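Undergrad: Supplied in structure tokens, the structure appears directly below.
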Amino acid sequence: MENERSEKHIWAFYPLMIVPGIVLLLAPSTVETVMEYFNFRESLGGLLQVSYFAGGVLGILCITRLMQRYDVKQIALSQVALLSVSLLAASFSPWYPLLLAFLVVAGFANGILIAFPGVYVTRVSTGHSHGAQNVLYSFFSLGVVTGPLLCSAIINDNTAMWRWAFRVPALLILPLAVPVALVTFERLKNVKTLSLDVIGEVLDYKRVLFVGLLIAILLYIAAESAASMWLITYLEEEHGVAAGAAHWALTGLWIGITVGRMICGYLTKRIDPFRVLVFLTVASGLTLFVAPLTGSRTAAFMMYPLLGLFYSGIYPILIGYAAWFPPDLNSAVFTVFLAAGAAGGAVLPYLVGLVNQFAGLVVGMCSISLALFGVVACLFWLKREVLGQSGVSAGT
């Protein structure tokens, strides 16, 4: 009965997930404007995403410790307040290094707000974890869809308006957090704090599954973040696309992800999630490699939304396997998975920025596909672990 009540309260996180989605793409959506405002090139522009994801890694790694000390509502609302304050502070930064420092704090809070609801779903979902994660993160994707359009409407060729692109989500998250403030959540008990000893227990339980998923999530988030980070710059500089239209292309990418997650939430109840995952990953890698090589503006506008459709279910299905670990360990497993993804999201966009600067934007965008092919290799390594198994974790 307790788990049934908890599952009903998952809906309170849905509106809250929208703003973390908007914040996820703040750096990609404003990087061109910020570079112009502070007068520097791509290698420094990539530090926006590095700073955000570095904070995200730190925040995610703190989740299990927070879960031991505070209840669900306290964790969520404290990070809402921290995100709002840090974004407002960043919007007033007179110097680029100070902006990066506040982005680390914003990344810390946003990382928790992105990951913690997923941890909660992993713990309380007594049914199909893959489907539940797809529905939860489709609301997150909705925010990501909104982000580039919101930034485009706010900035509108006025470089100084990047500051308002930070202020609007800082204010918007406050009313969207109201459902969380009104709902009474069940406290999550028997949570083991993330530590080397706990990781040892996880490895003893399912070593291949844990390591394979860890690498796959790191590579996927790296690829997703890099594509989002540099798509607008690629379209503007390589194809001469106007800033507003380029934001629409990034929006198209995330519309594909949002729609695809709704579809995958349905498909994974009828088809083995692993089979869906393999198809989506292979298709993503091929699309990401081919799209820049077409040299066509029209093809780019068509293929990147298609890429989003293929991207869609990869992340929720991968993290859904965290529910296959025992209840006292799966929160730590989920936390490690997301921290690994955030680390990948911090590093690859910066490296692609260097490739863009020294080898060209076409080579840079094509190079992102290597991360997806790495995910494919991980999936074939994991095939025996997951294909056709029930996925019921120990102790549930």
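As shown in the structure tokens, the chain order sets the letters A, B, ...; within each chain, residues go from 1, and ligands are also counted from 1 in the order they appear.
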Skip His247 of chain A itself and residues of its chain fewer than 6 positions away, then list as a list in words all residues within 9 Å of it, counting only C-alpha atoms.
TA: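 Residues meeting the cut-off are Ser29, Pro148, Leu149, Cys151, Ser152, Leu231 and Ile232 of chain A.
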Undergrad: Please report, as a tab-separated table, each residue of segment 255-329 of chain A lying at most 8 Å from segment 121-124 of chain A, together with the nearest pair of atoms and the separation in Å rounded to one decimal; use only C-alpha atoms, and order rows by chain and ascending residue number.
TA:
residue	atom	partner	partner_atom	distance
A:Gly320	CA	A:Thr122	CA	7.4
A:Ala322	CA	A:Thr122	CA	7.1
A:Ala323	CA	A:Thr122	CA	5.6
A:Pro327	CA	A:Arg123	CA	6.7
Undergrad: Write out the residues from the selection above, keeping C-alpha atoms, as a PDB file, in the first residue's frame.
TA:
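Below you can see part_34.pdb, which holds the result:
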ATOM      1  CA  GLY A 320      15.602   1.887 -15.993  1.00  0.00           C
ATOM      2  CA  ALA A 322      18.923   0.505 -12.098  1.00  0.00           C
ATOM      3  CA  ALA A 323      15.720  -1.087 -10.790  1.00  0.00           C
ATOM      4  CA  PRO A 327      16.282  -1.847  -3.254  1.00  0.00           C
TER       5      PRO A 327
END
Undergrad: Output as a tab-separated table (two decimals) with C-alpha atoms, in the first residue's frame all residues of segment 130-236 of chain A that backbone DSSP marks as alpha helix (DSSP H).
TA:
chain	number	residue	atom	x	y	z
A	130	HIS	CA	11.49	1.58	-18.09
A	131	GLY	CA	8.02	2.91	-18.93
A	132	ALA	CA	7.78	5.02	-15.76
A	133	GLN	CA	11.15	6.63	-16.46
A	134	ASN	CA	10.11	7.41	-20.04
A	135	VAL	CA	6.98	9.24	-18.86
A	136	LEU	CA	8.84	11.18	-16.15
A	137	TYR	CA	11.61	12.29	-18.47
A	138	SER	CA	9.21	13.18	-21.27
A	139	PHE	CA	8.22	16.17	-19.09
A	140	PHE	CA	11.90	16.96	-18.69
A	141	SER	CA	12.20	16.79	-22.49
A	142	LEU	CA	9.25	19.17	-22.78
A	143	GLY	CA	11.31	21.72	-20.88
A	144	VAL	CA	14.28	21.10	-23.14
A	145	VAL	CA	12.03	21.69	-26.15
A	146	THR	CA	10.87	24.97	-24.65
A	147	GLY	CA	14.34	26.18	-23.72
A	148	PRO	CA	15.79	27.13	-27.12
A	149	LEU	CA	12.54	28.82	-28.20
A	150	LEU	CA	12.40	30.76	-24.96
A	151	CYS	CA	16.02	31.89	-25.34
A	152	SER	CA	15.47	32.85	-28.97
A	153	ALA	CA	12.40	34.91	-28.10
A	154	ILE	CA	14.17	36.62	-25.19
A	155	ILE	CA	17.52	37.36	-26.87
A	162	TRP	CA	21.25	36.67	-22.54
A	163	ARG	CA	20.91	37.76	-18.91
A	164	TRP	CA	17.11	37.49	-19.10
A	165	ALA	CA	17.46	34.04	-20.63
A	166	PHE	CA	18.87	33.05	-17.21
A	167	ARG	CA	16.36	35.04	-15.17
A	168	VAL	CA	13.17	33.66	-16.70
A	169	PRO	CA	13.71	29.98	-15.69
A	170	ALA	CA	14.94	31.18	-12.29
A	171	LEU	CA	11.53	32.72	-11.70
A	172	LEU	CA	9.46	30.14	-13.59
A	173	ILE	CA	10.53	27.22	-11.40
A	174	LEU	CA	8.94	28.73	-8.28
A	175	PRO	CA	5.26	28.26	-9.26
A	176	LEU	CA	5.99	24.91	-10.94
A	178	VAL	CA	4.04	24.20	-5.85
A	179	PRO	CA	2.68	20.63	-6.42
A	180	VAL	CA	5.77	19.20	-4.73
A	181	ALA	CA	5.20	21.55	-1.78
A	182	LEU	CA	1.59	20.37	-1.43
A	196	LEU	CA	33.39	2.44	-2.22
A	197	ASP	CA	31.96	-0.31	-0.04
A	198	VAL	CA	28.52	0.09	-1.62
A	199	ILE	CA	30.04	0.08	-5.10
A	200	GLY	CA	31.78	-3.15	-4.10
A	201	GLU	CA	28.40	-4.67	-3.18
A	202	VAL	CA	26.97	-3.58	-6.51
A	203	LEU	CA	29.89	-5.11	-8.38
A	204	ASP	CA	29.50	-8.36	-6.47
A	205	TYR	CA	25.81	-8.47	-7.38
A	206	LYS	CA	25.93	-7.68	-11.15
A	207	ARG	CA	29.40	-6.53	-12.22
A	208	VAL	CA	28.98	-6.72	-16.01
A	209	LEU	CA	25.55	-5.05	-15.95
A	210	PHE	CA	26.75	-2.20	-13.74
A	211	VAL	CA	30.00	-1.46	-15.62
A	212	GLY	CA	28.41	-1.82	-19.07
A	213	LEU	CA	25.52	0.49	-18.22
A	214	LEU	CA	27.88	2.99	-16.57
A	215	ILE	CA	30.00	3.35	-19.71
A	216	ALA	CA	26.97	3.38	-22.00
A	217	ILE	CA	25.26	6.18	-20.05
A	218	LEU	CA	28.46	8.22	-19.92
A	219	LEU	CA	28.89	7.97	-23.69
A	220	TYR	CA	25.22	8.62	-24.48
A	221	ILE	CA	24.90	11.76	-22.33
A	222	ALA	CA	28.20	12.97	-23.82
A	223	ALA	CA	26.78	12.58	-27.32
A	224	GLU	CA	23.43	14.14	-26.45
A	225	SER	CA	25.06	17.14	-24.75
A	226	ALA	CA	27.61	17.71	-27.50
A	227	ALA	CA	24.97	17.64	-30.24
A	228	SER	CA	22.77	20.07	-28.30
A	229	MET	CA	25.72	22.32	-27.42
A	230	TRP	CA	27.03	22.86	-30.95
A	231	LEU	CA	24.01	22.39	-33.23
A	232	ILE	CA	23.09	26.09	-33.26
A	233	THR	CA	26.69	27.17	-33.89
A	234	TYR	CA	27.03	24.55	-36.67
A	235	LEU	CA	23.90	25.72	-38.47
A	236	GLU	CA	24.74	29.42	-38.13
Undergrad: Go ahead and compute the interatomic distance for atom CA of Pro305 of chain A and atom CA of Gly256 of chain A, in Å to one decimal.
TA: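 For atom CA of Pro305 of chain A relative to atom CA of Gly256 of chain A, the distance reads 5.1 Å.
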Undergrad: Using only C-alpha atoms, which residues sit within 6 Å of Tyr52 of chain A once same-chain residues fewer than 6 positions away are excluded, as a PDB file with N, CA and C atoms, in the first residue's frame?
TA:
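Resulting contents of around-v7.pdb:
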ATOM      1  N   LEU A 103      27.394  29.096 -12.645  1.00  0.00           N
ATOM      2  CA  LEU A 103      26.873  27.970 -13.414  1.00  0.00           C
ATOM      3  C   LEU A 103      27.208  26.639 -12.749  1.00  0.00           C
ATOM      4  N   VAL A 104      28.342  26.574 -12.063  1.00  0.00           N
ATOM      5  CA  VAL A 104      28.669  25.367 -11.307  1.00  0.00           C
ATOM      6  C   VAL A 104      27.614  25.133 -10.226  1.00  0.00           C
ATOM      7  N   GLY A 107      24.407  24.139 -11.847  1.00  0.00           N
ATOM      8  CA  GLY A 107      24.517  22.754 -12.277  1.00  0.00           C
ATOM      9  C   GLY A 107      24.341  21.773 -11.123  1.00  0.00           C
TER      10      GLY A 107
END
Undergrad: Just the residues within 12 Å of Phe279 of chain A, please, counting only C-alpha atoms, with nothing from its chain fewer than 5 positions along; format it as number ranges by chain.
TA: A: 264, 271-274, 284-286, 309-314, 372-373, 375-376, 379-380
Undergrad: Could you save the residues just selected, with N, CA and C atoms, as a PDB file, in the first residue's frame?
TA:
ATOM      1  N   CYS A 264       8.153   5.400 -26.671  1.00  0.00           N
ATOM      2  CA  CYS A 264       8.937   4.326 -26.041  1.00  0.00           C
ATOM      3  C   CYS A 264       8.310   3.854 -24.738  1.00  0.00           C
ATOM      4  N   ILE A 271       7.562  -4.728 -26.183  1.00  0.00           N
ATOM      5  CA  ILE A 271       8.770  -5.255 -26.807  1.00  0.00           C
ATOM      6  C   ILE A 271       9.881  -5.214 -25.770  1.00  0.00           C
ATOM      7  N   ASP A 272      10.743  -6.210 -25.765  1.00  0.00           N
ATOM      8  CA  ASP A 272      11.856  -6.208 -24.812  1.00  0.00           C
ATOM      9  C   ASP A 272      12.607  -4.885 -24.928  1.00  0.00           C
ATOM     10  N   PRO A 273      12.748  -4.136 -23.822  1.00  0.00           N
ATOM     11  CA  PRO A 273      13.402  -2.825 -23.886  1.00  0.00           C
ATOM     12  C   PRO A 273      14.796  -2.862 -24.506  1.00  0.00           C
ATOM     13  N   PHE A 274      15.509  -3.973 -24.341  1.00  0.00           N
ATOM     14  CA  PHE A 274      16.861  -4.055 -24.886  1.00  0.00           C
ATOM     15  C   PHE A 274      16.846  -4.004 -26.409  1.00  0.00           C
ATOM     16  N   SER A 284      20.725   6.229 -34.095  1.00  0.00           N
ATOM     17  CA  SER A 284      21.244   7.529 -33.667  1.00  0.00           C
ATOM     18  C   SER A 284      22.654   7.762 -34.184  1.00  0.00           C
ATOM     19  N   GLY A 285      23.519   6.738 -34.031  1.00  0.00           N
ATOM     20  CA  GLY A 285      24.898   6.876 -34.476  1.00  0.00           C
ATOM     21  C   GLY A 285      24.994   7.137 -35.969  1.00  0.00           C
ATOM     22  N   LEU A 286      24.226   6.398 -36.764  1.00  0.00           N
ATOM     23  CA  LEU A 286      24.261   6.577 -38.215  1.00  0.00           C
ATOM     24  C   LEU A 286      23.728   7.952 -38.620  1.00  0.00           C
ATOM     25  N   LEU A 309      14.311  11.730 -32.324  1.00  0.00           N
ATOM     26  CA  LEU A 309      13.397  10.585 -32.203  1.00  0.00           C
ATOM     27  C   LEU A 309      14.176   9.324 -31.843  1.00  0.00           C
ATOM     28  N   PHE A 310      15.345   9.157 -32.456  1.00  0.00           N
ATOM     29  CA  PHE A 310      16.168   7.984 -32.155  1.00  0.00           C
ATOM     30  C   PHE A 310      16.839   8.110 -30.786  1.00  0.00           C
ATOM     31  N   TYR A 311      17.252   9.316 -30.413  1.00  0.00           N
ATOM     32  CA  TYR A 311      17.841   9.538 -29.090  1.00  0.00           C
ATOM     33  C   TYR A 311      16.878   9.182 -27.959  1.00  0.00           C
ATOM     34  N   SER A 312      15.599   9.366 -28.194  1.00  0.00           N
ATOM     35  CA  SER A 312      14.580   9.515 -27.156  1.00  0.00           C
ATOM     36  C   SER A 312      14.623   8.470 -26.055  1.00  0.00           C
ATOM     37  N   GLY A 313      14.559   7.205 -26.413  1.00  0.00           N
ATOM     38  CA  GLY A 313      14.407   6.167 -25.398  1.00  0.00           C
ATOM     39  C   GLY A 313      15.709   5.644 -24.819  1.00  0.00           C
ATOM     40  N   ILE A 314      16.847   6.080 -25.356  1.00  0.00           N
ATOM     41  CA  ILE A 314      18.120   5.500 -24.925  1.00  0.00           C
ATOM     42  C   ILE A 314      18.365   5.736 -23.440  1.00  0.00           C
ATOM     43  N   LEU A 372      28.208   7.324 -29.787  1.00  0.00           N
ATOM     44  CA  LEU A 372      27.055   6.431 -29.959  1.00  0.00           C
ATOM     45  C   LEU A 372      27.497   5.036 -30.371  1.00  0.00           C
ATOM     46  N   PHE A 373      28.495   4.947 -31.243  1.00  0.00           N
ATOM     47  CA  PHE A 373      28.990   3.629 -31.626  1.00  0.00           C
ATOM     48  C   PHE A 373      29.643   2.937 -30.426  1.00  0.00           C
ATOM     49  N   VAL A 375      28.422   3.238 -27.412  1.00  0.00           N
ATOM     50  CA  VAL A 375      27.255   2.709 -26.698  1.00  0.00           C
ATOM     51  C   VAL A 375      26.817   1.380 -27.317  1.00  0.00           C
ATOM     52  N   VAL A 376      26.832   1.308 -28.645  1.00  0.00           N
ATOM     53  CA  VAL A 376      26.465   0.061 -29.326  1.00  0.00           C
ATOM     54  C   VAL A 376      27.369  -1.086 -28.870  1.00  0.00           C
ATOM     55  N   LEU A 379      26.312  -2.293 -25.518  1.00  0.00           N
ATOM     56  CA  LEU A 379      25.071  -3.063 -25.545  1.00  0.00           C
ATOM     57  C   LEU A 379      25.316  -4.510 -25.961  1.00  0.00           C
ATOM     58  N   PHE A 380      26.201  -4.733 -26.918  1.00  0.00           N
ATOM     59  CA  PHE A 380      26.496  -6.109 -27.304  1.00  0.00           C
ATOM     60  C   PHE A 380      27.223  -6.845 -26.181  1.00  0.00           C
TER      61      PHE A 380
END
Undergrad: I'd like the contact shell of Leu188 of chain A - 9 Å cut-off, only C-alpha atoms, skipping same-chain residues fewer than 6 positions apart - returned as a ChimeraX atom specification.
TA: /A:67-68,71-72,120,123-124
Undergrad: Given only C-alpha atoms as the basis, pick out the residue of A:Leu318, A:Pro326, A:Ile255, A:Lys73 nearest to Leu338 of chain A.
TA: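 Selected residue with least distance to Leu338 of chain A: A:Leu318.
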Undergrad: Smallest atom-to-atom distance to Gly265 of chain A: which of A:Pro316, A:Ser86, A:Met161, A:Leu307, using only C-alpha atoms?
TA: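 Smallest separation from Gly265 of chain A among the options: A:Pro316.
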Undergrad: So, with only C-alpha atoms as the atoms that count, which of A:Ile319, A:Met17, A:Val352, A:Leu280 lies closest to Cys366 of chain A?
TA: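 Using only C-alpha atoms, the shortest distance to Cys366 of chain A belongs to A:Val352.
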